[in-house]
Amino acid sequence: MAQFSFIPSGEASDLADDIRELFEDLARSLERGLQAYSSECHPSLDVLETDRAVEITIDVSGVPAEALRVLFRSGVLLVAGEKASAPVAADQTFHLIEREFGRFARAVRLNGAFDVQNARARLRDGELTIVLPKLKERRGRGHRIPIA
């Protein structure tokens, strides 16, 4: 069974370079209308484990695929993105704003062996689902070494 843990924002200093690099990539590649200029949001996520894979699903309603980045390094899955606020016309006045907008980065530490080359991510109906297939655990098992 794979183990996972969330990485609190206070402990994310070792991920700072990766997060900064992902945000810089987004800033370079996103068109102006998709960029978030201020604030930050904190999309909810679920981690589900099956016998064959670990699946992470993140609520990213209103965020297009081009405004998302996914990185797996050293047992940490990192998802960064930008959710731009809706354009406001001059004759509009907001009375209530509850939806979050801005940049976000979510990180989940996963323990176990994963086939990262065959990992996949899908954005559908406002949910980003990342599937990391498991590799069979080989630690603690004997390995025959052939004699030539």
# chains A, B, ... in the order shown; residues from 1 in each chain; ligands from 1
call {"tool": "residues_around", "arguments": {"residues": "A:Phe101", "least_positions_apart": "6", "cutoff": "7 Å", "atoms": "only C-alpha atoms", "output": "list of chain:residue names"}}
result
A:Ser39, A:Glu40, A:Cys41, A:Lys83, A:Ala84, A:Ser85
